[in-house]
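First up is the structure itself, then whatever we jot down about it.
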Amino acid sequence: MKGIVSDLNAPMRVVPTTPDEWAAYVNDWCERKGWNRDLVFEKMLMNLHSEITEAREEIRNGHGIDEIYSSATIADEGMAKPEGVPIELVDLLIRLLHIMAWRGWNIQALLETKMAYNEKRPFRHGNKTC
Ligand SMILES: [Mg+2]
């Protein structure tokens, strides 16, 4: 891992570029923000699903699939909270990266392994719909 800052409240100094670097950064952020206490794998899986549900709720509330908007009020964080389906799906990605970093999984190797297999599969294997 290169350039990931691990001290409390320190801003990210180097932008991660690979999936594994992003996972390490997310895990580092989780550590600094106290999210790494009492981790339970099954609960983390359910949190993945929660983000998908939040994305669905954005659509149910009338927002477009590609729409990103900000909440009207400025939160304690000093900036308006970004909202929308893409934001909920990036929350999903962040949570997924957190799980993978926490478990010590090599995302690059996993992607290479699974996509190598996927490339060998026939066109629309199983004749299922998308
Ligand atoms: Mg969310």
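Simple scheme: letters A, B, ... for chains in structure tokens order, numbers from 1 for residues in each chain, numbers from 1 for ligands in the order shown.
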
Can you tell me which residues sit at most 8 Å away from ligand 1, counting only C-alpha atoms and all ligand atoms, written as a list in words? Ser50, Glu51, Glu54, Ala55, Ile87, Glu88, Leu89, Asp91 and Leu92 of chain A

Region 86-125 of chain A residues near region 42-45 of chain A within 9 Å, closest pair each, using only C-alpha atoms, as JSON lines:
{"residue": "A:Arg95", "atom": "CA", "partner": "A:Met44", "partner_atom": "CA", "distance": 7.6}
{"residue": "A:Leu96", "atom": "CA", "partner": "A:Leu45", "partner_atom": "CA", "distance": 8.4}
{"residue": "A:Ile99", "atom": "CA", "partner": "A:Met44", "partner_atom": "CA", "distance": 7.2}

Pairwise distance for CA of Phe41 (chain A) and CA of Ala101 (chain A), rounded to one decimal in Å: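 About the pair CA of Phe41 (chain A) and CA of Ala101 (chain A): they are 12.3 Å apart.
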
I'd like the interatomic distance between CA of Ile107 (chain A) and CA of Pro19 (chain A), to a tenth of an Å.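 Between these atoms lies a distance of 6.4 Å.
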
Run DSSP on the backbone and grab whatever in chain A lands in helix (DSSP H, G or I); send it over as an NGL selection string. :A and (19-32 or 41-60 or 85-103 or 107-120 or 125-127)

Take the residues from that selection and put them in a file with C-alpha atoms, as a compact mmCIF listing (two decimals), in the first residue's frame.
# COMPACT_ATOMS: atom_id res chain seq x y z
CA PRO A 19 -8.92 -1.25 -6.06
CA ASP A 20 -6.63 -2.59 -3.34
CA GLU A 21 -5.28 0.88 -2.60
CA TRP A 22 -8.84 2.20 -2.34
CA ALA A 23 -9.75 -0.68 -0.03
CA ALA A 24 -6.76 0.07 2.20
CA TYR A 25 -7.72 3.74 2.31
CA VAL A 26 -11.34 2.93 3.15
CA ASN A 27 -10.21 0.55 5.88
CA ASP A 28 -7.86 3.20 7.23
CA TRP A 29 -10.72 5.71 7.25
CA CYS A 30 -12.93 3.16 9.05
CA GLU A 31 -10.23 2.70 11.65
CA ARG A 32 -9.88 6.46 12.19
CA PHE A 41 -19.16 -10.28 8.72
CA GLU A 42 -22.85 -11.12 8.45
CA LYS A 43 -23.84 -7.62 9.60
CA MET A 44 -21.49 -6.12 7.05
CA LEU A 45 -23.18 -8.18 4.35
CA MET A 46 -26.54 -6.79 5.40
CA ASN A 47 -25.14 -3.25 5.21
CA LEU A 48 -24.32 -3.92 1.56
CA HIS A 49 -27.96 -4.71 1.01
CA SER A 50 -28.99 -1.56 2.89
CA GLU A 51 -27.14 0.59 0.37
CA ILE A 52 -28.97 -1.11 -2.49
CA THR A 53 -32.24 -0.43 -0.71
CA GLU A 54 -31.24 3.22 -0.24
CA ALA A 55 -30.58 3.44 -3.99
CA ARG A 56 -34.02 2.01 -4.66
CA GLU A 57 -35.55 4.54 -2.25
CA GLU A 58 -33.96 7.39 -4.22
CA ILE A 59 -35.85 6.21 -7.31
CA ARG A 60 -39.05 5.76 -5.32
CA VAL A 85 -28.50 6.59 -6.69
CA PRO A 86 -24.84 6.93 -7.77
CA ILE A 87 -23.94 8.06 -4.25
CA GLU A 88 -25.74 5.10 -2.67
CA LEU A 89 -23.99 2.74 -5.06
CA VAL A 90 -20.63 4.26 -4.19
CA ASP A 91 -21.59 3.71 -0.54
CA LEU A 92 -22.11 0.09 -1.54
CA LEU A 93 -18.66 0.03 -3.13
CA ILE A 94 -17.08 1.65 -0.07
CA ARG A 95 -18.68 -0.95 2.20
CA LEU A 96 -17.55 -3.73 -0.12
CA LEU A 97 -14.00 -2.39 -0.21
CA HIS A 98 -14.07 -2.20 3.58
CA ILE A 99 -15.04 -5.86 3.89
CA MET A 100 -12.35 -6.93 1.44
CA ALA A 101 -9.64 -4.90 3.16
CA TRP A 102 -10.73 -6.08 6.60
CA ARG A 103 -10.55 -9.69 5.46
CA ILE A 107 -9.03 -7.53 -4.87
CA GLN A 108 -6.83 -7.33 -7.95
CA ALA A 109 -6.18 -11.08 -7.81
CA LEU A 110 -9.85 -11.83 -7.16
CA LEU A 111 -10.91 -9.67 -10.11
CA GLU A 112 -8.36 -11.32 -12.37
CA THR A 113 -9.41 -14.80 -11.24
CA LYS A 114 -13.13 -14.31 -11.62
CA MET A 115 -12.97 -12.34 -14.87
CA ALA A 116 -10.65 -14.95 -16.37
CA TYR A 117 -13.36 -17.48 -15.62
CA ASN A 118 -16.13 -15.17 -16.83
CA GLU A 119 -14.32 -14.64 -20.14
CA LYS A 120 -14.48 -18.40 -20.76
CA HIS A 125 -24.58 -18.44 -20.36
CA GLY A 126 -27.58 -20.24 -18.98
CA ASN A 127 -29.94 -18.40 -21.37
